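Q: Got a structure here, written out as structure tokens. Questions coming.
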Amino acid sequence: MLDLKLLQNSFDEVAKKLRKKGVKEEILAELKRLFVVLKEQRAKLENLQAQKNEKSKLFPLYKKEGKDVASLKDELDKIKERIGFEQKIVDELEDELAIYALNIPNIPDDEVPVGNDEEDNVEIKKVLTPREFDFKPKEHWELAENLDWIDFKRGVKLAKSRFSVLKNGAAKLERALINYMLDFNTKRGFKEVCVPYIVNKESMKGTGQLPKFEEDLFKIEDEELYLIPTAEVPLTNLYRDEILKDDELPILMTGYTACFRKEAGSAGRDTRGMIRQHQFDKVELVSITKPEHSDEVFDKMVECASDLLTTLGLPHRLVMLCGGDLGFGAAKTIDLEVWLPGQGKYREISSVSNTRDFQARRAKIRYKEGKKNRLVHTLNGSSLAVGRTLIAIMENYQQKDGTITIPEVLKEYL
């Protein structure tokens with residue numbers, strides 16, 4: 001959640017940055033109106049409280065001079081009644097502002113480029129050169145059908161569209177990739193954590209999925225519980241409502257989970273194959289750190305995900321997301337896009353984001369610095385989306401006869 005004091009005290013400056021993220025003018029205007037009304041209402045309340053204090057000071061004087069205090073008491077009672085009424089209005093306005101603020105995205109960093117969508121993202125660099133084929137490379141669904149690796153029809157039969165069944169070599173490769181990714185990340189200093197796939201409403205609020213993205217979530221009927229859209233949610237919320245010790249930071253975590261998303265905002269996109277599924281496997285990186293170290297940790301996470309792709313021999317590029325393509329909670333994001341020769345394009349396989357103190361403020365994750373409690377910074381990133389890594393291996397390692405070779409680093413895992 002945004003720092004409402006910062007927004008109120010530097011409204012024009014913060015509003016300018018929020019416009020970079022596509023926040024509509026009517027939303028900013030309503031925010032400004034709420035701040036103005038609340039300021040006026042607080043001034044009324046403070047004036048009444050000052051009157052009450054002044055009247056209260058008169059009681060000893062009245063008694064000393066032998067004056068009747070009944071009229072003074074009546075005046076004071078009326079002031080107290082008005083204070084109660086005005087306090088209720090202030091409380092209601094503060095609640096309205098807090099609820100409204102839950103739907104306002106994080107402030108983008110100054111380095112985030114201006115732009116409307118993914119077409120305006122800025123390439124940072126390419127890593128590895130795509131292989132040149134002496135035949136027309138197939139897309140992963142065609143390879144999967146010929147090898148009997150992925151059963152899309154039976155996935156639909158078991159659930160609905162955007163579900164699939166991995167078989168034979170694909171099932172083994174998926175399992176090998178999960179183990180390899182976790183081992184790789186732990187060697188880089190990230191502690192492995194196994195978390196629930198179901199979390200409560202407070203956890204979803206803490207990382208910003210609620211209330212903004214409720215339509216994208218799978219909710220448990222008659223329960224305030226949800227299937228996780230990413231391991232970022234339970235990993236970050238492990239420390240919700242806690243005050244950490246200075247020497248506990250940074251906390252670097254990695255974890256594997258299945259992830260569940262309705263993909264409500266992507267109707268008609270990537271309907272073939274496994275690019276966009278309602279259920280998918282992902283290995284996540286999550287870090288909790290002091291503000292002064294968050295940029296350093298961010299770079300470490302990007303490097304970890306990129307190096308992982310490099311060891312798998314998968315060409316990829318790093319892209320800085322523009323304001324219009326930046327996620328709700330992110331202050332900045334670097335996407336890693338892997339080369340898919342069947343499609344002849346780079347596709348997202350990881351997003352690494354620094355949310356600064358946006359999630360920490362919502363989830364009340366703090367640390368003790370001297371006698372003060374300060375908000376931490378939280379970061380998250382895919383390392384990697386397992387299904388998309390499987391697809392990338394299939395397409396990049398395909399042979400002319402339709403078989404698929406295996407990256408050298410995975411052989412010991414198979």
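Residues in the structure tokens are numbered from 1 in each chain, the chains being A, B, ... in the order shown, and ligands are numbered from 1 in the order shown.
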Going by DSSP on the backbone, which residues of region 24-194 of chain A come out as helix (DSSP H, G or I)? List them as number ranges by chain.
A: A: 25-65, 70-101, 118-120, 140-147, 152-158, 168-187
Q: Check the DSSP output for the backbone and give back, as a compact mmCIF listing (two decimals) with N, CA and C atoms, in the first residue's frame, the residues of region 44-198 of chain A in strand (DSSP E).
A:
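That gives us states-v6.txt:
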# COMPACT_ATOMS: atom_id res chain seq x y z
N VAL A 122 11.94 -1.87 -22.61
CA VAL A 122 13.28 -1.56 -23.12
C VAL A 122 14.21 -2.75 -22.90
N GLU A 123 14.78 -3.24 -24.01
CA GLU A 123 15.72 -4.36 -23.92
C GLU A 123 17.02 -3.89 -23.27
N ILE A 124 17.49 -4.66 -22.29
CA ILE A 124 18.75 -4.35 -21.61
C ILE A 124 19.91 -5.08 -22.29
N LYS A 125 19.74 -6.38 -22.49
CA LYS A 125 20.79 -7.15 -23.18
C LYS A 125 20.25 -8.52 -23.58
N LYS A 126 20.94 -9.15 -24.52
CA LYS A 126 20.66 -10.53 -24.91
C LYS A 126 21.77 -11.42 -24.35
N VAL A 127 21.39 -12.65 -23.97
CA VAL A 127 22.34 -13.64 -23.44
C VAL A 127 22.22 -14.91 -24.28
N ILE A 150 2.62 -34.55 -23.94
CA ILE A 150 1.61 -33.69 -23.31
C ILE A 150 0.24 -34.04 -23.89
N ASP A 151 -0.74 -34.26 -23.02
CA ASP A 151 -2.10 -34.60 -23.44
C ASP A 151 -3.01 -33.43 -23.11
N VAL A 165 -2.06 -32.45 -19.28
CA VAL A 165 -1.46 -33.60 -18.58
C VAL A 165 -0.08 -33.85 -19.18
N LEU A 166 0.95 -33.86 -18.33
CA LEU A 166 2.30 -34.18 -18.77
C LEU A 166 2.52 -35.68 -18.66
N LYS A 191 17.50 -19.89 0.75
CA LYS A 191 17.10 -21.02 1.60
C LYS A 191 15.81 -21.63 1.07
N GLU A 192 15.79 -22.96 0.92
CA GLU A 192 14.60 -23.62 0.40
C GLU A 192 13.51 -23.70 1.46
N ILE A 198 -2.52 -23.13 -0.32
CA ILE A 198 -3.75 -22.43 0.03
C ILE A 198 -3.42 -21.41 1.11
Q: Figure out the distance between CA of Thr186 (chain A) and CA of Gln209 (chain A), please, to one decimal in Å.
A: 27.3 Å
Q: Rounded to one decimal place, report the CA of Leu244 (chain A)-CA of Pro211 (chain A) distance in Å.
A: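 The value is 26.7 Å.
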Q: Tell me, as a VMD selection string, which residues lie within 9 Å of region 354-368 of chain A, counting only C-alpha atoms; anything in the same chain fewer than 2 positions away does not count.
A: chain A and resid 1 to 3 102 105 to 107 202 to 203 205 to 208 236 to 237 239 to 246 248 to 249 290 to 291 294 to 295 298 329 to 333 352 370 to 381
Q: May I ask which of the residues A:Met204, A:Ala305, A:Val37, A:Met181 is the closest one to Tyr256 (chain A), counting only C-alpha atoms?
A: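 Smallest separation from Tyr256 (chain A) among the options: A:Met181.
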Q: Excluding Leu217 (chain A) and residues on its chain fewer than 6 positions from it, collect all residues at most 12 Å away from it, counting only C-alpha atoms, and give them as an MDAnalysis selection string.
A: chainID A and resid 198:199 201 204 209:211 225:230 259:265 278:279
Q: Could you check how far CA of Gly323 (chain A) sits from CA of Tyr346 (chain A), in Å to one decimal?
A: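 CA of Gly323 (chain A) sits 20.3 Å away from CA of Tyr346 (chain A).
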Q: If we count only C-alpha atoms, what is near Arg42 (chain A) at a cut-off of 9 Å, once residues fewer than 5 positions away on the same chain are taken out, given as number ranges by chain?
A: A: 37, 47, 86-87, 90
Q: Might you pull out every residue within 9 Å of Pro407 (chain A), with only C-alpha atoms counted and same-chain residues fewer than 2 positions away left off, and present them as a list in words?
A: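 Non-adjacent residues within range: Thr311, Leu312, Gly313, Ile393, Tyr397, Thr405, Val409, Leu410 and Lys411 of chain A.
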Q: Here is a test: counting only C-alpha atoms, which residue of A:Leu336, A:Leu285, A:Ile251, A:Ala171 is nearest to Val233 (chain A)?
A: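 Result for the nearest residue to Val233 (chain A): A:Leu285.
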Q: Point out the residue among A:Ser10, A:Thr310, A:Gln41, A:Asn146 with the least atom-to-atom distance to Asp401 (chain A), counting only C-alpha atoms.
A: A:Asn146
Q: Which residue gives the smallest distance to Leu18 (chain A) among A:Phe163, A:Phe328, A:Lys57, A:Thr129, with only C-alpha atoms counted?
A: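 Smallest distance to Leu18 (chain A) is found for A:Phe328.
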Q: Name all residues at most 12 Å from Val193 (chain A) (count only C-alpha atoms; drop same-chain ones fewer than 4 positions away) and give them as a ChimeraX atom specification.
A: /A:182,185-186,231-232,234-236,238,251-257,283-286
Q: Here is a test: counting only C-alpha atoms, which residue of A:Glu65, A:Asp12, A:Glu337, A:Asp281 is nearest to Ser306 (chain A)?
A: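 Nearest candidate to Ser306 (chain A) out of A:Glu65, A:Asp12, A:Glu337, A:Asp281: A:Glu337.
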Q: Ranking A:Asp247, A:Glu303, A:Glu395, A:Asp216 by minimum distance to Val338 (chain A) and counting only C-alpha atoms, which one comes first?
A: A:Glu395
